[in-house]
Amino acid sequence: MKRPLTSHAILFVFLSLLFALSCFHSDSPTTPDEAENNDRAVTAIAEAIHAKFAPPDTAIVLFTGPVEPGTILAENVHEDSGRAELAVPDSAGEYYAILIDYQPGRLFQHAVRYGWMEVARGDSGSTTGDYWITVLRPGVSPAPFQALQLDEVGGVEYYAVDGEGGPDLQSFSHKAIAEDPLTDDAGVFVQSRDIARAPISLGIVFDGGARKGILQGGPRTLDNKFISEAKNLSEKSADPVAAWLKSRKFVVMRVSQYWGNDKPYLKSASDLVELIKKYAEYYKLQGKPDGGCDNFYFYMTAHGYKDGKGAFEIHPPSGNGNFDVLSLSTFLDAFESFPDFVKVTIHVDNCYAGKVITEHRPKIATLCKSLCALTIMASVDSVHEAWVPDLAHDSGTEDFMDGATVDHDGDGVKGDVRDRFEEMKSQGGSLNPMSFHCPDGGSWCVLDGPVATQQACAAIAETYVASVGTVTDPGGHAASVGDPFEGTITISSGETFTVTGMPPFVDVTGAIDEDCNFAASGFGEAAGAGDVLVEMRGWYENGSVDFTYVMGLRGELGGDEAITFDGSATVYEAPNLLCPELITTWDCTVGSVFDPAGHRQFVGEPFENPITITAKGENGFTAVGMPPFVNVSGTILPNGCEFFGTARGNVAGVPNVLVEFGGSVEKGTLLDYRYIMGAEGELGGGAAITFFGRGTERE
């Protein structure tokens, strides 16, 4: 490791050697002395960048330059999707473009920073993003990054690179289009009902490809590991799953967007939907088997989206980055065409894979009614990124394949599908691999062993009152965060494990194992910061829960420090209430709206979803709904079933808006309410918006 220089020494070395490094992009030969000076100048730049940006030793840094004034550092996503961009100043100077990857080895979307630096003056600028970048130099067609030199400064790898991060287009004329769903190296099925038919097992194993040319060896080829996600996704994840399925007598169609193999590919996202539907039609053509159910296994590894209800990308085999996007909603719709004698297994390994479970419960419920069985396995939960295989950490699929020799579910069969999932969950740790299965207690699919029926931890599903024993707060966040356990928390352990509460508690989703140990995570608002990562771990025993609850794992609360609450919780026993009729879930209708400033089109409909009112002490309450409803806390008045509460929250993009919620319960069954948003005029126009209406108790 090279010894770090002081900032004054860096400036001196840089200025004295700058003449030796006119540009990274030069192809002219150099003498040994010139090459040595060039290397020293590159190292000086790396040290100057390190002194300015101070990345952690888990990161890697790429830098290239000098680049022209006005150069744009653009996130590698579609221009119309709100990509992050950073402009180099237009003024003269020796500017270098910088990419800091905080999570090298993560699959696609993850934490990065883009920056520029004028090394001689020390001027700099930066912004955060979710993907690698293309350096858009005026008048230059972006070429792939090529590594020129590797330096280690403060434990961080610094890659001096040539190029701008553009795609390295690949030929794929040798690949066929994936059209016939029944063709495979095992042959073509004969569509015949002349003889009695046993259940059949078919599968699609699909890798979605990736952008080519992230980082390659250059004139001085480096043994670096950040070369080809597409290759690793295909060969280290998808191929082993296909081989396993074939060993279990599945006929597998292997579809790959990677240019480096001869497997068929898809032209678009809609083609994948049509391919799945063709399999459904094939099962229908065969008719119901003479005993049991057919099996269909769909595996996918691709880039997943964090925002909304989830989606994934299908890249062309050329690697040009012009990918097609398929929403998880449309993807799940394709399985509605399967007949009721098919057990469907969906296995996804991508960033935020758990969204296929957490964000699509109505669709999953519909599929449960129409299929023989449905199993969904996700390599991570809905808030975590996945790992690229064969790099810094095993991917979820590699962990899944590690389960070949274990019997986690105790059914006497090693390496069945549940054993493999449990191994993936065990190794996945805080990534919280998730699963879903219906019907309850049934076999997952033909790949499963005997069914275990014991539900050891079902009793955890209760409402709890928590007591915090210790708070670890090196960043001094307690005052701004507040007490996330001031109100009750509710634990559910049905299809997924969830813990919900009132702000500042951030709801979490995860999993619980057969020993009643649980791990869950989520994103939410805390201390005025958005998108704060929260994790909760613990165990359940004899009616009580011991837990650790961590807020700000990525340093979002400031000072690069999290705050940790350790405590225990016992089942909540409702006190004698002034108005027990109020404490229930209400379906509310809006009777009238007073909106003199015209806020409704921006605010939305706060009562579109049910409102749940819970007790807080003998005369307190909390009301919880779905955005744009802002959750409130308040008091039940002693003169009957009247209530009033307030809160502050985000409304129509405006933070810290005062909300008031009050009303009464008439005849024990009818809620009469008023709900004011912007009570102090924060929404503009000097006026609030007030909703008047009534609610009936949800059955």
# chains A, B, ... in the order shown; residues from 1 in each chain; ligands from 1
>>> select_by_dssp(residues="region 433-552 of chain A", states="alpha helix (DSSP H)", output="NGL selection string")
:A and (478-481)
>>> write_last_selection(atoms="N, CA and C atoms", output="PDB file, in the first residue's frame")
ATOM      1  N   ALA A 478     -31.089  10.711  19.250  1.00  0.00           N
ATOM      2  CA  ALA A 478     -32.282  10.363  20.026  1.00  0.00           C
ATOM      3  C   ALA A 478     -33.303  11.494  20.055  1.00  0.00           C
ATOM      4  N   ALA A 479     -32.848  12.724  20.262  1.00  0.00           N
ATOM      5  CA  ALA A 479     -33.782  13.846  20.389  1.00  0.00           C
ATOM      6  C   ALA A 479     -34.563  14.069  19.100  1.00  0.00           C
ATOM      7  N   SER A 480     -33.904  13.940  17.954  1.00  0.00           N
ATOM      8  CA  SER A 480     -34.584  14.188  16.683  1.00  0.00           C
ATOM      9  C   SER A 480     -35.400  12.992  16.222  1.00  0.00           C
ATOM     10  N   VAL A 481     -34.985  11.782  16.585  1.00  0.00           N
ATOM     11  CA  VAL A 481     -35.711  10.579  16.163  1.00  0.00           C
ATOM     12  C   VAL A 481     -36.970  10.378  16.988  1.00  0.00           C
TER      13      VAL A 481
END
>>> select_by_dssp(residues="region 416-609 of chain A", states="strand (DSSP E or B)", output="PyMOL selection string")
chain A and resi 434-438+463-472+489-493+497-500+508-512+517-526+529-541+544-551+563-571+585-594
>>> residues_around(residues="region 91-96 of chain A", least_positions_apart="2", cutoff="12 Å", atoms="only C-alpha atoms", output="count of residues only")
49
>>> residues_around(residues="Gly543 (chain A)", least_positions_apart="6", cutoff="12 Å", atoms="only C-alpha atoms", output="list of chain:residue names")
A:Cys457, A:Ala458, A:Ala459, A:Ile460, A:Ala461, A:Glu462, A:Thr463, A:Tyr464, A:Val465, A:Cys516, A:Ser568, A:Ala569, A:Thr570, A:Val571, A:Tyr572
>>> write_last_selection(atoms="C-alpha atoms", output="tab-separated table (two decimals), in the first residue's frame")
chain	number	residue	atom	x	y	z
A	457	CYS	CA	-44.18	-19.68	16.08
A	458	ALA	CA	-47.73	-18.85	14.98
A	459	ALA	CA	-48.55	-17.39	18.43
A	460	ILE	CA	-46.20	-14.45	17.80
A	461	ALA	CA	-48.96	-12.72	15.81
A	462	GLU	CA	-50.16	-10.23	18.43
A	463	THR	CA	-50.15	-6.55	19.38
A	464	TYR	CA	-47.37	-5.72	21.85
A	465	VAL	CA	-46.31	-2.98	24.21
A	516	CYS	CA	-38.84	-18.22	16.27
A	568	SER	CA	-38.45	-6.52	25.00
A	569	ALA	CA	-42.17	-6.58	24.34
A	570	THR	CA	-45.17	-8.29	25.91
A	571	VAL	CA	-48.67	-8.83	24.60
A	572	TYR	CA	-50.75	-5.68	24.83
>>> closest_residue(among="A:Asp294, A:Glu422, A:Asp381, A:Glu680", to="Phe523 (chain A)", atoms="only C-alpha atoms")
A:Asp381
>>> closest_residue(among="A:Glu47, A:Gly662, A:Asp560, A:Glu525", to="Gly649 (chain A)", atoms="only C-alpha atoms")
A:Glu525
>>> atom_distance(atom1="CA of Glu359 (chain A)", atom2="CA of His437 (chain A)")
15.5 Å
>>> residues_around(residues="Tyr549 (chain A)", least_positions_apart="6", cutoff="10 Å", atoms="only C-alpha atoms", output="list in words")
Val468, Val471, Pro484, Phe485, Phe505, Val506, Ala520, Ser521, Val534, Glu535, Met536, Arg537, Gly538, Ile563, Thr564, Phe565, Asp566 and Gly567 of chain A
>>> residues_around(residues="region 300-313 of chain A", least_positions_apart="4", cutoff="6 Å", atoms="only C-alpha atoms", output="number ranges by chain")
A: 206-208, 324-328, 348-352, 355, 359
>>> write_last_selection(atoms="N, CA and C atoms", output="PDB file, in the first residue's frame")
ATOM      1  N   PHE A 206     -34.054 -18.238 -16.959  1.00  0.00           N
ATOM      2  CA  PHE A 206     -33.840 -17.018 -17.739  1.00  0.00           C
ATOM      3  C   PHE A 206     -32.861 -16.085 -17.033  1.00  0.00           C
ATOM      4  N   ASP A 207     -31.853 -15.609 -17.758  1.00  0.00           N
ATOM      5  CA  ASP A 207     -31.023 -14.508 -17.262  1.00  0.00           C
ATOM      6  C   ASP A 207     -31.212 -13.309 -18.172  1.00  0.00           C
ATOM      7  N   GLY A 208     -31.402 -12.139 -17.536  1.00  0.00           N
ATOM      8  CA  GLY A 208     -31.825 -10.948 -18.263  1.00  0.00           C
ATOM      9  C   GLY A 208     -30.721 -10.131 -18.883  1.00  0.00           C
ATOM     10  N   ASP A 324     -35.252  -3.307 -22.118  1.00  0.00           N
ATOM     11  CA  ASP A 324     -36.706  -3.266 -22.063  1.00  0.00           C
ATOM     12  C   ASP A 324     -37.124  -3.538 -20.625  1.00  0.00           C
ATOM     13  N   VAL A 325     -38.193  -2.896 -20.150  1.00  0.00           N
ATOM     14  CA  VAL A 325     -38.629  -3.022 -18.764  1.00  0.00           C
ATOM     15  C   VAL A 325     -39.939  -3.798 -18.704  1.00  0.00           C
ATOM     16  N   LEU A 326     -40.005  -4.774 -17.805  1.00  0.00           N
ATOM     17  CA  LEU A 326     -41.229  -5.543 -17.580  1.00  0.00           C
ATOM     18  C   LEU A 326     -41.641  -5.388 -16.124  1.00  0.00           C
ATOM     19  N   SER A 327     -42.850  -4.891 -15.897  1.00  0.00           N
ATOM     20  CA  SER A 327     -43.330  -4.723 -14.525  1.00  0.00           C
ATOM     21  C   SER A 327     -43.654  -6.080 -13.914  1.00  0.00           C
ATOM     22  N   LEU A 328     -43.484  -6.179 -12.599  1.00  0.00           N
ATOM     23  CA  LEU A 328     -43.831  -7.415 -11.916  1.00  0.00           C
ATOM     24  C   LEU A 328     -45.324  -7.703 -12.025  1.00  0.00           C
ATOM     25  N   VAL A 348     -36.913 -15.929  -8.085  1.00  0.00           N
ATOM     26  CA  VAL A 348     -36.306 -14.711  -8.625  1.00  0.00           C
ATOM     27  C   VAL A 348     -35.099 -14.308  -7.784  1.00  0.00           C
ATOM     28  N   ASP A 349     -34.027 -13.936  -8.467  1.00  0.00           N
ATOM     29  CA  ASP A 349     -32.797 -13.484  -7.818  1.00  0.00           C
ATOM     30  C   ASP A 349     -32.404 -12.161  -8.457  1.00  0.00           C
ATOM     31  N   ASN A 350     -32.823 -11.070  -7.845  1.00  0.00           N
ATOM     32  CA  ASN A 350     -32.472  -9.735  -8.328  1.00  0.00           C
ATOM     33  C   ASN A 350     -32.675  -8.732  -7.198  1.00  0.00           C
ATOM     34  N   CYS A 351     -32.214  -7.527  -7.400  1.00  0.00           N
ATOM     35  CA  CYS A 351     -32.415  -6.490  -6.390  1.00  0.00           C
ATOM     36  C   CYS A 351     -33.900  -6.318  -6.099  1.00  0.00           C
ATOM     37  N   TYR A 352     -34.233  -6.205  -4.812  1.00  0.00           N
ATOM     38  CA  TYR A 352     -35.595  -5.953  -4.347  1.00  0.00           C
ATOM     39  C   TYR A 352     -36.564  -7.046  -4.796  1.00  0.00           C
ATOM     40  N   LYS A 355     -40.297  -7.762  -3.672  1.00  0.00           N
ATOM     41  CA  LYS A 355     -41.463  -7.005  -4.120  1.00  0.00           C
ATOM     42  C   LYS A 355     -42.470  -7.899  -4.839  1.00  0.00           C
ATOM     43  N   GLU A 359     -45.602  -6.616  -2.747  1.00  0.00           N
ATOM     44  CA  GLU A 359     -46.339  -5.571  -3.467  1.00  0.00           C
ATOM     45  C   GLU A 359     -47.475  -6.104  -4.334  1.00  0.00           C
TER      46      GLU A 359
END
>>> residues_around(residues="Tyr265 (chain A)", least_positions_apart="3", cutoff="6 Å", atoms="only C-alpha atoms", output="PyMOL selection string")
chain A and resi 177-178+255-257
>>> atom_distance(atom1="CA of Asp394 (chain A)", atom2="CA of Pro56 (chain A)")
21.6 Å
>>> closest_residue(among="A:Ile204, A:Ala527, A:Ile512, A:Ala597", to="His347 (chain A)", atoms="only C-alpha atoms")
A:Ile204
>>> closest_atom_pairs(of="region 470-518 of chain A", to="region 621-628 of chain A", cutoff="12 Å", atoms="only C-alpha atoms", output="JSON lines")
{"residue": "A:Glu486", "atom": "CA", "partner": "A:Thr622", "partner_atom": "CA", "distance": 11.2}
{"residue": "A:Gly487", "atom": "CA", "partner": "A:Thr622", "partner_atom": "CA", "distance": 8.4}
{"residue": "A:Thr488", "atom": "CA", "partner": "A:Thr622", "partner_atom": "CA", "distance": 9.7}
{"residue": "A:Ile489", "atom": "CA", "partner": "A:Thr622", "partner_atom": "CA", "distance": 11.8}
{"residue": "A:Thr500", "atom": "CA", "partner": "A:Val624", "partner_atom": "CA", "distance": 10.3}
{"residue": "A:Gly501", "atom": "CA", "partner": "A:Val624", "partner_atom": "CA", "distance": 8.9}
{"residue": "A:Met502", "atom": "CA", "partner": "A:Val624", "partner_atom": "CA", "distance": 7.5}
{"residue": "A:Pro503", "atom": "CA", "partner": "A:Val624", "partner_atom": "CA", "distance": 9.7}
>>> closest_residue(among="A:Asp448, A:Leu233, A:Val205, A:Met377", to="Asp409 (chain A)", atoms="only C-alpha atoms")
A:Asp448
>>> atom_distance(atom1="CA of Val344 (chain A)", atom2="CA of Tyr297 (chain A)")
6.0 Å
